[in-house]
file protein19.cif (mmCIF, C-alpha atoms and all ligand atoms)
data_input
loop_
_atom_site.label_atom_id
_atom_site.label_comp_id
_atom_site.auth_asym_id
_atom_site.auth_seq_id
_atom_site.Cartn_x
_atom_site.Cartn_y
_atom_site.Cartn_z
CA MET M 1160 0.00 0.00 0.00
CA ALA M 1161 1.38 3.41 -0.98
CA ALA M 1162 0.45 6.96 -0.11
CA LEU M 1163 0.98 9.79 -2.57
CA ILE M 1164 0.99 13.26 -1.00
CA CYS M 1165 0.25 16.15 -3.36
CA ALA M 1166 2.35 19.11 -2.28
CA ALA M 1167 3.28 20.74 -5.58
CA GLY M 1168 0.78 23.60 -5.44
CA SER M 1169 1.64 27.26 -5.06
CA GLY M 1170 -1.15 28.07 -2.60
CA SER M 1171 -2.10 31.19 -4.57
CA ARG M 1172 -5.52 31.51 -2.91
CA ALA M 1173 -3.94 31.48 0.55
CA GLY M 1174 -2.38 34.91 0.00
CA GLU M 1175 1.11 36.24 0.71
CA GLY M 1176 3.84 34.16 2.26
CA LEU M 1177 5.27 30.67 1.89
CA PRO M 1178 3.37 28.11 -0.20
CA LYS M 1179 0.67 27.04 2.26
CA GLN M 1180 1.90 23.46 2.69
CA TYR M 1181 5.13 24.82 4.18
CA ARG M 1182 3.55 27.31 6.59
CA LEU M 1183 3.68 26.41 10.26
CA LEU M 1184 0.71 24.93 12.06
CA ASP M 1185 1.13 23.77 15.67
CA GLY M 1186 4.84 24.55 15.29
CA ARG M 1187 5.55 22.42 12.22
CA PRO M 1188 5.12 22.75 8.44
CA ILE M 1189 1.63 21.74 7.31
CA LEU M 1190 3.09 19.06 5.02
CA SER M 1191 4.70 17.35 8.03
CA ALA M 1192 1.26 16.37 9.36
CA SER M 1193 0.55 14.25 6.27
CA LEU M 1194 4.02 12.73 6.27
CA ASP M 1195 3.51 11.84 9.93
CA LEU M 1196 0.07 10.37 9.27
CA PHE M 1197 1.12 8.01 6.49
CA LEU M 1198 4.64 7.15 7.70
CA ASN M 1199 3.12 6.01 10.99
CA HIS M 1200 0.21 4.10 9.50
CA PRO M 1201 0.82 0.35 9.82
CA ALA M 1202 -0.78 -0.51 6.45
CA VAL M 1203 1.30 1.97 4.44
CA SER M 1204 4.69 0.72 3.27
CA LEU M 1205 5.64 3.49 0.80
CA VAL M 1206 5.11 7.23 1.00
CA ALA M 1207 5.74 9.35 -2.09
CA THR M 1208 5.44 13.12 -2.36
CA VAL M 1209 5.17 15.47 -5.31
CA ILE M 1210 6.59 18.93 -4.75
CA GLY M 1211 7.13 22.15 -6.69
CA ALA M 1212 10.36 22.39 -8.71
CA ASP M 1213 11.55 25.34 -6.58
CA HIS M 1214 10.51 23.91 -3.21
CA ARG M 1215 13.24 21.35 -2.51
CA ALA M 1216 14.75 23.23 0.44
CA LEU M 1217 11.30 23.79 1.97
CA TYR M 1218 10.47 20.13 1.49
CA ASP M 1219 13.75 18.99 3.07
CA ALA M 1220 13.04 21.09 6.16
CA ALA M 1221 9.48 19.74 6.45
CA ALA M 1222 10.63 16.14 5.93
CA ALA M 1223 13.73 16.40 8.16
CA PRO M 1224 12.12 14.62 11.15
CA PHE M 1225 11.36 11.66 8.87
CA ALA M 1226 14.63 11.63 6.89
CA ALA M 1227 15.72 8.29 8.37
CA SER M 1228 12.52 6.54 7.32
CA GLU M 1229 12.96 3.86 4.67
CA THR M 1230 9.28 4.18 3.85
CA LEU M 1231 9.69 7.73 2.57
CA LEU M 1232 10.75 8.05 -1.08
CA ALA M 1233 12.65 10.98 -2.56
CA PRO M 1234 10.14 13.58 -3.76
CA ALA M 1235 9.06 13.78 -7.39
CA ILE M 1236 8.44 17.07 -9.16
CA GLY M 1237 4.76 17.88 -9.74
CA GLY M 1238 3.03 19.57 -12.66
CA ASP M 1239 1.03 22.71 -13.38
CA SER M 1240 -2.22 21.29 -12.05
CA ARG M 1241 -3.12 18.89 -9.28
CA GLN M 1242 -4.06 16.33 -11.92
CA ALA M 1243 -0.61 16.66 -13.56
CA SER M 1244 1.08 16.38 -10.16
CA VAL M 1245 -0.77 13.19 -9.27
CA ARG M 1246 0.17 11.78 -12.66
CA ALA M 1247 3.86 12.59 -12.03
CA GLY M 1248 3.69 10.98 -8.59
CA LEU M 1249 2.05 7.82 -9.95
CA GLU M 1250 4.76 7.53 -12.62
CA ALA M 1251 7.46 7.91 -9.96
CA LEU M 1252 5.99 4.82 -8.26
CA ALA M 1253 5.90 2.78 -11.47
CA GLU M 1254 8.76 0.44 -10.52
CA ARG M 1255 7.16 -0.52 -7.20
CA GLU M 1256 4.72 -3.30 -6.41
CA ILE M 1257 1.61 -1.49 -5.22
CA ASP M 1258 -1.94 -2.72 -4.77
CA ILE M 1259 -3.77 0.32 -3.40
CA VAL M 1260 -2.61 3.92 -3.61
CA LEU M 1261 -3.95 6.61 -1.28
CA VAL M 1262 -3.83 10.07 -2.87
CA HIS M 1263 -3.86 12.89 -0.33
CA ASP M 1264 -3.63 16.69 -0.34
CA ALA M 1265 -0.81 18.11 1.78
CA ALA M 1266 -3.24 20.99 2.34
CA ARG M 1267 -5.39 18.69 4.51
CA PRO M 1268 -3.31 18.34 7.68
CA PHE M 1269 -6.15 17.22 9.95
CA ALA M 1270 -6.94 13.84 8.36
CA SER M 1271 -6.93 11.06 10.95
CA ALA M 1272 -5.59 7.50 10.95
CA ALA M 1273 -9.21 6.29 11.28
CA LEU M 1274 -10.05 8.05 8.01
CA VAL M 1275 -7.11 6.30 6.32
CA ASP M 1276 -8.40 2.98 7.72
CA ARG M 1277 -11.83 3.66 6.21
CA ALA M 1278 -10.31 4.63 2.84
CA ILE M 1279 -8.34 1.39 2.69
CA ALA M 1280 -11.27 -0.80 3.76
CA SER M 1281 -13.57 0.91 1.27
CA ALA M 1282 -11.08 0.58 -1.61
CA PHE M 1283 -10.65 -3.15 -0.97
CA ALA M 1284 -14.42 -3.60 -0.81
CA ASN M 1285 -15.46 -1.33 -3.65
CA GLY M 1286 -12.58 -0.31 -5.94
CA GLY M 1287 -12.21 3.47 -5.95
CA ALA M 1288 -13.16 5.16 -2.66
CA VAL M 1289 -13.37 8.85 -1.82
CA PRO M 1290 -14.29 10.44 1.52
CA GLY M 1291 -17.21 12.85 1.54
CA VAL M 1292 -19.16 14.86 4.08
CA ALA M 1293 -22.78 15.92 3.86
CA VAL M 1294 -23.30 19.55 2.93
CA VAL M 1295 -25.21 21.66 5.41
CA ASP M 1296 -25.89 24.69 3.23
CA THR M 1297 -28.37 25.01 0.40
CA ILE M 1298 -26.45 24.34 -2.81
CA CYS M 1299 -27.35 26.01 -6.09
CA GLU M 1300 -25.88 26.54 -9.53
CA VAL M 1301 -24.91 30.05 -10.61
CA ASP M 1302 -24.71 31.43 -14.11
CA ARG M 1303 -21.69 33.32 -15.43
CA GLY M 1304 -23.13 36.65 -14.25
CA GLY M 1305 -23.59 35.30 -10.72
CA GLY M 1306 -27.32 34.78 -11.19
CA ARG M 1307 -28.86 32.07 -9.07
CA GLY M 1308 -29.60 28.89 -10.96
CA ALA M 1309 -31.24 25.63 -9.98
CA THR M 1310 -31.12 24.37 -6.40
CA LEU M 1311 -29.38 21.04 -6.12
CA ASP M 1312 -30.74 18.31 -3.89
CA ARG M 1313 -28.27 18.55 -1.03
CA GLU M 1314 -29.23 15.12 0.26
CA ARG M 1315 -27.57 13.82 -2.88
CA CYS M 1316 -24.47 16.03 -2.56
CA ARG M 1317 -21.23 15.41 -0.71
CA ALA M 1318 -18.18 17.66 -0.27
CA LEU M 1319 -15.29 15.41 -1.28
CA GLN M 1320 -11.99 15.16 0.53
CA THR M 1321 -8.80 13.14 0.49
CA PRO M 1322 -7.25 10.61 1.08
CA GLN M 1323 -8.84 8.96 -1.93
CA ALA M 1324 -7.98 5.28 -2.45
CA PHE M 1325 -7.69 3.41 -5.74
CA ASP M 1326 -6.22 0.36 -7.37
CA TYR M 1327 -2.79 1.72 -8.24
CA ALA M 1328 -2.47 0.18 -11.70
CA LEU M 1329 -5.98 1.25 -12.71
CA LEU M 1330 -5.46 4.81 -11.48
CA ARG M 1331 -2.12 5.10 -13.29
CA ALA M 1332 -3.73 3.86 -16.51
CA ALA M 1333 -6.70 6.19 -16.04
CA HIS M 1334 -4.39 9.19 -15.70
CA ALA M 1335 -2.52 8.20 -18.87
CA GLN M 1336 -5.86 7.79 -20.64
CA ALA M 1337 -7.06 11.21 -19.50
CA GLU M 1338 -3.87 12.83 -20.73
CA GLY M 1339 -4.20 11.04 -24.05
CA ALA M 1340 -7.78 12.31 -24.35
CA GLY M 1341 -6.71 15.88 -23.62
CA ARG M 1342 -8.66 15.92 -20.37
CA ALA M 1343 -6.82 18.15 -17.89
CA ASP M 1344 -9.84 19.39 -15.95
CA PHE M 1345 -10.26 16.80 -13.21
CA THR M 1346 -10.14 18.39 -9.77
CA ASP M 1347 -10.04 15.05 -7.98
CA ASP M 1348 -8.91 11.54 -8.80
CA GLY M 1349 -12.29 10.01 -8.06
CA ALA M 1350 -13.82 11.88 -11.00
CA LEU M 1351 -10.98 10.84 -13.29
CA TYR M 1352 -11.19 7.20 -12.15
CA ALA M 1353 -14.95 7.13 -12.71
CA TRP M 1354 -14.51 8.79 -16.14
CA ALA M 1355 -12.17 5.90 -17.04
CA GLY M 1356 -15.02 3.51 -16.28
CA HIS M 1357 -14.21 2.35 -12.76
CA ARG M 1358 -16.56 2.18 -9.82
CA VAL M 1359 -16.02 4.83 -7.13
CA VAL M 1360 -17.90 4.96 -3.85
CA VAL M 1361 -18.13 7.77 -1.34
CA PHE M 1362 -17.40 6.80 2.26
CA GLU M 1363 -17.78 8.88 5.41
CA GLY M 1364 -15.25 11.74 5.56
CA GLU M 1365 -14.41 13.97 8.51
CA THR M 1366 -15.66 17.50 8.99
CA GLU M 1367 -12.31 18.50 10.54
CA ASN M 1368 -10.49 17.32 7.43
CA VAL M 1369 -10.65 20.73 5.77
CA LYS M 1370 -8.47 21.79 2.87
CA LEU M 1371 -6.61 24.90 4.01
CA THR M 1372 -7.15 27.25 1.10
CA THR M 1373 -7.98 30.85 2.06
CA PRO M 1374 -6.22 33.54 4.14
CA GLU M 1375 -9.27 33.60 6.45
CA GLN M 1376 -8.78 29.92 7.31
CA PHE M 1377 -5.16 30.60 8.18
CA GLU M 1378 -6.20 33.54 10.36
CA VAL M 1379 -8.70 31.37 12.24
CA PHE M 1380 -6.04 28.73 12.90
CA ALA M 1381 -3.48 31.34 13.97
CA ARG M 1382 -6.03 32.73 16.44
CA ARG M 1383 -6.80 29.22 17.70
CA GLU M 1384 -3.10 28.57 18.24
CA ALA M 1385 -2.77 31.81 20.19
CA VAL M 1386 -5.70 30.82 22.42
CA GLU M 1387 -4.30 27.31 22.95
CA THR M 1388 -0.93 28.81 23.92
CA LEU M 1389 -2.67 31.03 26.45
CA LEU M 1390 -4.66 28.11 27.83
CA THR M 1391 -1.50 26.03 28.18
CA LEU M 1392 0.80 28.68 29.59
CA GLY M 1393 -1.73 30.83 31.33
CA ASP M 1394 -1.38 34.58 31.00
CA VAL M 1395 2.04 34.76 32.60
CA ARG M 1396 3.75 38.16 32.75
CA MET M 1397 7.09 39.30 34.09
CA GLY M 1398 8.23 42.73 35.24
CA THR M 1399 11.57 44.11 36.33
CA GLY M 1400 12.52 46.84 38.80
CA PHE M 1401 15.66 48.72 39.78
CA ASP M 1402 16.36 51.20 42.57
CA VAL M 1403 19.30 53.06 44.11
CA HIS M 1404 19.68 54.96 47.39
CA ALA M 1405 22.74 56.79 48.71
CA PHE M 1406 24.15 56.17 52.16
CA GLY M 1407 23.62 58.92 54.73
CA PRO M 1408 23.86 59.25 58.47
CA GLY M 1409 22.48 56.38 60.55
CA ASP M 1410 23.22 53.04 62.13
CA HIS M 1411 21.08 50.68 60.05
CA VAL M 1412 19.47 50.25 56.62
CA ILE M 1413 16.02 48.80 55.85
CA LEU M 1414 16.22 46.00 53.28
CA GLY M 1415 13.16 43.96 52.37
CA GLY M 1416 11.37 45.35 55.39
CA VAL M 1417 14.13 44.19 57.76
CA ALA M 1418 16.40 46.51 59.79
CA VAL M 1419 20.01 45.55 59.03
CA PRO M 1420 22.71 47.10 61.28
CA HIS M 1421 25.27 49.18 59.36
CA ASP M 1422 27.65 52.12 59.81
CA PHE M 1423 25.31 54.28 57.71
CA GLY M 1424 21.65 54.60 56.91
CA LEU M 1425 20.11 55.00 53.44
CA SER M 1426 18.74 58.43 52.59
CA GLY M 1427 15.47 58.91 50.78
CA HIS M 1428 11.99 60.36 51.01
CA SER M 1429 10.54 57.16 52.46
CA ASP M 1430 12.46 54.56 54.46
CA ALA M 1431 14.74 54.11 51.39
CA ASP M 1432 14.21 50.33 51.25
CA VAL M 1433 15.82 49.64 47.85
CA VAL M 1434 14.72 46.02 47.96
CA LEU M 1435 11.00 46.73 48.36
CA HIS M 1436 11.19 49.63 45.89
CA ALA M 1437 12.72 47.43 43.19
CA LEU M 1438 10.21 44.66 43.88
CA THR M 1439 7.30 47.12 43.84
CA ASP M 1440 8.40 48.39 40.43
CA ALA M 1441 8.78 44.82 39.18
CA VAL M 1442 5.19 43.99 40.16
CA LEU M 1443 3.88 47.23 38.64
CA GLY M 1444 5.91 46.48 35.51
CA ALA M 1445 4.33 43.04 35.18
CA LEU M 1446 0.93 44.72 35.40
CA GLY M 1447 1.88 47.45 32.94
CA ASP M 1448 0.64 49.85 35.62
CA GLY M 1449 3.18 52.67 35.85
CA ASP M 1450 5.89 52.74 38.49
CA ILE M 1451 6.33 53.46 42.18
CA GLY M 1452 6.92 57.17 41.56
CA ALA M 1453 3.65 57.48 39.64
CA HIS M 1454 1.63 55.97 42.50
CA PHE M 1455 3.61 57.41 45.43
CA PRO M 1456 5.24 60.66 44.24
CA PRO M 1457 8.33 61.71 46.26
CA SER M 1458 6.83 65.22 46.16
CA ASP M 1459 3.89 64.01 48.32
CA PRO M 1460 4.60 64.64 52.03
CA THR M 1461 2.32 61.70 52.92
CA TRP M 1462 5.15 59.33 52.03
CA LYS M 1463 7.84 61.13 54.05
CA GLY M 1464 9.59 58.42 56.07
CA ALA M 1465 6.94 55.90 55.01
CA ASP M 1466 7.32 52.17 55.57
CA SER M 1467 7.92 50.83 52.03
CA ALA M 1468 5.82 47.77 52.91
CA LYS M 1469 2.85 50.05 52.08
CA PHE M 1470 4.08 50.51 48.50
CA MET M 1471 4.72 46.82 48.09
CA ALA M 1472 1.34 45.86 49.52
CA ASP M 1473 -0.38 48.36 47.23
CA ALA M 1474 1.26 46.83 44.14
CA VAL M 1475 0.23 43.34 45.28
CA ALA M 1476 -3.33 44.57 45.86
CA ARG M 1477 -3.37 45.82 42.26
CA VAL M 1478 -2.49 42.29 41.06
CA ARG M 1479 -5.30 40.81 43.17
CA ALA M 1480 -7.78 43.46 42.01
CA ARG M 1481 -7.23 42.19 38.47
CA GLY M 1482 -7.81 38.60 39.56
CA GLY M 1483 -4.10 37.77 39.36
CA VAL M 1484 -1.65 35.88 41.53
CA ILE M 1485 2.04 36.37 42.19
CA ALA M 1486 4.07 33.40 40.97
CA HIS M 1487 7.52 34.56 42.06
CA LEU M 1488 9.51 37.53 43.34
CA ASP M 1489 13.27 37.73 43.02
CA VAL M 1490 15.67 40.47 44.09
CA THR M 1491 19.43 41.08 44.04
CA VAL M 1492 21.00 43.62 46.38
CA ILE M 1493 24.05 45.31 44.84
CA GLY M 1494 26.71 46.71 47.21
CA GLU M 1495 29.85 45.99 49.24
CA ALA M 1496 28.22 46.22 52.67
CA PRO M 1497 26.27 45.44 54.74
CA LYS M 1498 26.40 41.70 54.08
CA VAL M 1499 22.98 40.39 53.11
CA GLY M 1500 23.65 36.67 53.75
CA PRO M 1501 22.97 36.71 57.52
CA HIS M 1502 19.66 38.53 56.93
CA ARG M 1503 18.52 36.74 53.78
CA GLU M 1504 15.99 34.42 55.44
CA ALA M 1505 14.51 37.23 57.54
CA MET M 1506 14.14 39.35 54.39
CA ARG M 1507 12.52 36.50 52.43
CA ALA M 1508 10.10 35.87 55.28
CA ARG M 1509 9.13 39.55 55.58
CA ILE M 1510 8.69 39.98 51.81
CA ALA M 1511 6.55 36.81 51.71
CA GLU M 1512 4.47 38.17 54.59
CA ILE M 1513 3.95 41.62 53.01
CA CYS M 1514 3.01 40.06 49.66
CA GLY M 1515 0.95 37.18 51.03
CA VAL M 1516 2.91 34.51 49.11
CA ALA M 1517 4.70 31.32 50.15
CA LEU M 1518 8.31 31.64 51.27
CA SER M 1519 9.37 29.38 48.39
CA ARG M 1520 8.16 32.06 45.97
CA VAL M 1521 10.63 34.68 47.15
CA GLY M 1522 14.32 34.85 46.24
CA VAL M 1523 16.86 37.22 47.82
CA LYS M 1524 20.43 37.42 46.56
CA ALA M 1525 23.33 39.86 46.80
CA THR M 1526 26.42 40.78 44.85
CA THR M 1527 29.28 43.23 45.05
CA THR M 1528 30.44 45.15 41.97
CA GLU M 1529 34.10 44.26 42.57
CA LYS M 1530 34.63 47.70 44.10
CA LEU M 1531 33.57 49.36 40.82
CA GLY M 1532 31.14 52.24 40.52
CA PHE M 1533 29.12 53.95 43.27
CA ALA M 1534 28.27 50.67 44.98
CA GLY M 1535 31.91 49.61 44.87
CA ARG M 1536 32.92 52.91 46.45
CA ARG M 1537 30.36 52.24 49.23
CA GLU M 1538 28.38 55.38 48.33
CA GLY M 1539 25.06 53.58 48.38
CA LEU M 1540 23.09 50.44 47.58
CA ALA M 1541 21.16 49.31 44.52
CA ALA M 1542 18.65 46.53 44.02
CA MET M 1543 17.30 44.87 40.90
CA ALA M 1544 14.20 42.70 40.98
CA SER M 1545 11.86 40.64 38.86
CA ALA M 1546 8.25 39.69 39.48
CA THR M 1547 6.35 36.93 37.71
CA ILE M 1548 2.59 37.13 37.92
CA ARG M 1549 -0.30 35.28 36.36
CA LEU M 1550 -3.42 37.14 35.27
CA PRO M 1551 -6.79 35.60 34.37
CA LEU M 1552 -7.01 34.51 30.71
CA THR M 1553 -10.15 36.57 30.28
CA GLU M 1554 -8.14 39.80 30.38
CA ASP M 1555 -6.59 39.15 26.97
CA LEU M 1556 -9.46 37.21 25.46
CA ALA M 1557 -12.05 39.88 26.21
N1 LIG V 1601 -0.05 21.83 -9.41
C1 LIG V 1601 -0.48 21.39 -8.23
C2 LIG V 1601 -1.55 22.02 -7.58
C3 LIG V 1601 -1.95 21.54 -6.34
N2 LIG V 1601 -1.30 20.51 -5.78
C4 LIG V 1601 -1.65 20.06 -4.44
O1 LIG V 1601 -2.98 19.66 -4.38
C5 LIG V 1601 -3.55 19.94 -3.10
C6 LIG V 1601 -4.89 20.63 -3.24
O2 LIG V 1601 -4.77 21.78 -4.07
P1 LIG V 1601 -5.08 23.26 -3.65
O3 LIG V 1601 -5.66 23.31 -2.32
O4 LIG V 1601 -5.81 23.87 -4.78
O5 LIG V 1601 -3.59 23.85 -3.55
P2 LIG V 1601 -2.88 24.94 -4.42
O6 LIG V 1601 -2.98 24.62 -5.86
O7 LIG V 1601 -1.53 25.07 -3.85
O8 LIG V 1601 -3.72 26.24 -4.07
P3 LIG V 1601 -4.20 27.41 -5.01
O9 LIG V 1601 -5.18 26.80 -5.98
O10 LIG V 1601 -4.81 28.38 -4.08
O11 LIG V 1601 -2.97 27.95 -5.70
C7 LIG V 1601 -2.54 20.78 -2.36
O12 LIG V 1601 -1.96 20.01 -1.34
C8 LIG V 1601 -1.54 21.19 -3.42
O13 LIG V 1601 -0.21 21.33 -2.94
C9 LIG V 1601 -0.25 19.88 -6.43
O14 LIG V 1601 0.33 18.93 -5.92
N3 LIG V 1601 0.14 20.35 -7.67
C1 LIG V 1602 -9.04 16.68 -4.28
C2 LIG V 1602 -9.85 17.70 -3.55
O1 LIG V 1602 -9.22 18.02 -2.34
C3 LIG V 1602 -11.18 17.06 -3.17
O2 LIG V 1602 -11.97 18.00 -2.52
C4 LIG V 1602 -10.07 18.97 -4.32
O3 LIG V 1602 -10.83 18.70 -5.44
C5 LIG V 1602 -8.79 19.68 -4.69
O4 LIG V 1602 -9.20 20.86 -5.30
P1 LIG V 1602 -8.27 22.01 -5.90
O5 LIG V 1602 -8.95 22.42 -7.14
O6 LIG V 1602 -6.93 21.44 -6.10
O7 LIG V 1602 -8.34 23.11 -4.90
#
call {"tool": "encode", "arguments": {"input": "protein19.cif", "output": "structure tokens"}}
result
Amino acid sequence: MAALICAAGSGSRAGEGLPKQYRLLDGRPILSASLDLFLNHPAVSLVATVIGADHRALYDAAAAPFAASETLLAPAIGGDSRQASVRAGLEALAEREIDIVLVHDAARPFASAALVDRAIASAFANGGAVPGVAVVDTICEVDRGGGRGATLDRERCRALQTPQAFDYALLRAAHAQAEGAGRADFTDDGALYAWAGHRVVVFEGETENVKLTTPEQFEVFARREAVETLLTLGDVRMGTGFDVHAFGPGDHVILGGVAVPHDFGLSGHSDADVVLHALTDAVLGALGDGDIGAHFPPSDPTWKGADSAKFMADAVARVRARGGVIAHLDVTVIGEAPKVGPHREAMRARIAEICGVALSRVGVKATTTEKLGFAGRREGLAAMASATIRLPLTEDLA
């Protein structure tokens, strides 16, 4: 049993960009889905592909995951129409021993293994077999000016799909016969096979087995992928913050809400807690909600000497007000002294308490700057922070 994948089209109706069979869907080229389907089907022992003359590099990239497969033949070059491409693919298989051939559009990446099973069973039972789905719309003819013609009996209509299954030798002969008769207008192999006098039956297709053809279809699938990514990842956002305060008179500094003894204090409008200031900005950054100065201006006397836990708690409340949660907070203190190590756990615990998160979701680290810059000269301390938060999916899907 062989499969012949038609991938030699230019995808002109799909609009700008790569030929549609090489565009990415679920992170891989559309053609790869059909290669995967047939190369992993137990009844299929040969897979042939017809491709465009200029598409070899694109094909190689799409087929790379299957390059080691002995079932996959080197691609043949297709023709100017689908009919011509199928003919070229059938000729490329001429030296092989094949009973049934399954002809499939690369542009139909959603066909299932169960559909292939039905195609094979139906071909063995009936000769030619094509999948079809009932049409749900009213179907009518139109004249050349677009005028409405006769209504067709939709109960007697089916929208035909692939894979279509045929006796290989008969299909090859039918294609040769059609070419000899100057018939180049067959849009599927079932019609050509029937024209050559062979029986073709329609078996149950799959509504999901659409042929990707228009830009609108690609937009719908791109949107679906974006939604699936959101559902998988959640709406995770990350913000960063940075703050600096100079040393001034005093005998301790406040870091992460903890009083740490030191030869100096930190000067600032509030309590000059660089750690909580950087973390507050990181949370606000993740929310896209301004910065600490916008919410608590240094010009406002209310915040003179304020406990920076207020700023931090306010930023956390903003996350909660939007239905979000804090996934992680991480901060690095930058300076020569005081040493952070002995106070790390107390700082983590206080930050966790202010923010209402588990201790495991808070990281506190420190580094010197190898005596370089203002921190290296012991003129002050800096802190850089990141905050990871998760917002409800509805925010972006609304
Ligand atoms: N000369 C052609 C034309 C089409 N096909 C293949 O036949 C399938 C169905 O054709 P269609 O959806 O019409 O693809 P395109 O011809 O590429 O599209 P368009 O008509 O928009 O250019 C596709 O997998 C396409 O690659 C082919 O192998 N050789
Ligand atoms: C073979 C086919 O997919 C059955 O629906 C269809 O006829 C291909 O049509 P196109 O003219 O190549 O778009």
call {"tool": "residues_near_ligand", "arguments": {"input": "protein19.cif", "ligand": "ligand LIG 1602 (chain V)", "cutoff": "9 Å", "atoms": "only C-alpha atoms and all ligand atoms", "output": "PyMOL selection string"}}
result
chain M and resi 1168+1240-1242+1262-1264+1266-1267+1289-1291+1318-1323+1345-1349+1369-1370+1372
call {"tool": "residues_around", "arguments": {"input": "protein19.cif", "residues": "stretch 1461-1475 of chain M", "least_positions_apart": "4", "cutoff": "6 Å", "atoms": "all atoms listed in the file", "output": "list in words"}}
result
His1428, Ser1429, Asp1430 and Thr1439 of chain M
call {"tool": "atom_distance", "arguments": {"input": "protein19.cif", "atom1": "atom CA of M:Leu1446", "atom2": "atom CA of M:Arg1503"}}
result
26.7 Å
call {"tool": "closest_residue", "arguments": {"input": "protein19.cif", "among": "M:Ala1243, M:Ile1493, M:Ala1441, M:Ala1220", "to": "ligand LIG 1601 (chain V)", "atoms": "only C-alpha atoms and all ligand atoms"}}
result
M:Ala1243
call {"tool": "closest_residue", "arguments": {"input": "protein19.cif", "among": "M:Val1412, M:Ala1511, M:Leu1550, M:Val1433", "to": "M:Lys1498", "atoms": "all atoms listed in the file"}}
result
M:Val1412
call {"tool": "closest_residue", "arguments": {"input": "protein19.cif", "among": "M:Arg1481, M:His1214, M:His1200, M:Arg1396", "to": "ligand LIG 1601 (chain V)", "atoms": "only C-alpha atoms and all ligand atoms"}}
result
M:His1214
call {"tool": "residues_around", "arguments": {"input": "protein19.cif", "residues": "M:Glu1495", "least_positions_apart": "6", "cutoff": "10 Å", "atoms": "only C-alpha atoms", "output": "PyMOL selection string"}}
result
chain M and resi 1525-1531+1533-1540
call {"tool": "residues_around", "arguments": {"input": "protein19.cif", "residues": "M:Leu1389", "least_positions_apart": "3", "cutoff": "12 Å", "atoms": "all atoms listed in the file", "output": "MDAnalysis selection string"}}
result
chainID M and resid 1382:1386 1392:1396 1549:1556
call {"tool": "write_last_selection", "arguments": {"input": "protein19.cif", "atoms": "C-alpha atoms", "output": "PDB file, in the coordinates of the input"}}
result
ATOM      1  CA  ARG M1382      -6.030  32.730  16.440  1.00  0.00           C
ATOM      2  CA  ARG M1383      -6.800  29.220  17.700  1.00  0.00           C
ATOM      3  CA  GLU M1384      -3.100  28.570  18.240  1.00  0.00           C
ATOM      4  CA  ALA M1385      -2.770  31.810  20.190  1.00  0.00           C
ATOM      5  CA  VAL M1386      -5.700  30.820  22.420  1.00  0.00           C
ATOM      6  CA  LEU M1392       0.800  28.680  29.590  1.00  0.00           C
ATOM      7  CA  GLY M1393      -1.730  30.830  31.330  1.00  0.00           C
ATOM      8  CA  ASP M1394      -1.380  34.580  31.000  1.00  0.00           C
ATOM      9  CA  VAL M1395       2.040  34.760  32.600  1.00  0.00           C
ATOM     10  CA  ARG M1396       3.750  38.160  32.750  1.00  0.00           C
ATOM     11  CA  ARG M1549      -0.300  35.280  36.360  1.00  0.00           C
ATOM     12  CA  LEU M1550      -3.420  37.140  35.270  1.00  0.00           C
ATOM     13  CA  PRO M1551      -6.790  35.600  34.370  1.00  0.00           C
ATOM     14  CA  LEU M1552      -7.010  34.510  30.710  1.00  0.00           C
ATOM     15  CA  THR M1553     -10.150  36.570  30.280  1.00  0.00           C
ATOM     16  CA  GLU M1554      -8.140  39.800  30.380  1.00  0.00           C
ATOM     17  CA  ASP M1555      -6.590  39.150  26.970  1.00  0.00           C
ATOM     18  CA  LEU M1556      -9.460  37.210  25.460  1.00  0.00           C
TER      19      LEU M1556
END
call {"tool": "closest_residue", "arguments": {"input": "protein19.cif", "among": "M:Ala1272, M:Leu1371, M:Ala1337, M:Val1301", "to": "ligand LIG 1601 (chain V)", "atoms": "only C-alpha atoms and all ligand atoms"}}
result
M:Leu1371
call {"tool": "build_atoms", "arguments": {"input": "protein19.cif", "residues": "stretch 1266-1272 of chain M", "atoms": "N, CA and C atoms", "output": "short mmCIF file (atom, residue, chain, number, x, y, z; two decimals), keeping the file's coordinate frame"}}
result
data_model
loop_
_atom_site.label_atom_id
_atom_site.label_comp_id
_atom_site.auth_asym_id
_atom_site.auth_seq_id
_atom_site.Cartn_x
_atom_site.Cartn_y
_atom_site.Cartn_z
N ALA M 1266 -2.49 19.87 1.76
CA ALA M 1266 -3.24 20.99 2.34
C ALA M 1266 -4.32 20.53 3.31
N ARG M 1267 -4.40 19.21 3.54
CA ARG M 1267 -5.39 18.69 4.51
C ARG M 1267 -4.63 18.05 5.67
N PRO M 1268 -4.17 18.88 6.61
CA PRO M 1268 -3.31 18.34 7.68
C PRO M 1268 -4.06 17.69 8.84
N PHE M 1269 -5.40 17.72 8.79
CA PHE M 1269 -6.15 17.22 9.95
C PHE M 1269 -6.75 15.83 9.73
N ALA M 1270 -6.41 15.20 8.60
CA ALA M 1270 -6.94 13.84 8.36
C ALA M 1270 -6.45 12.90 9.45
N SER M 1271 -7.30 11.96 9.84
CA SER M 1271 -6.93 11.06 10.95
C SER M 1271 -6.56 9.67 10.43
N ALA M 1272 -5.93 8.89 11.30
CA ALA M 1272 -5.59 7.50 10.95
C ALA M 1272 -6.87 6.69 10.72
#
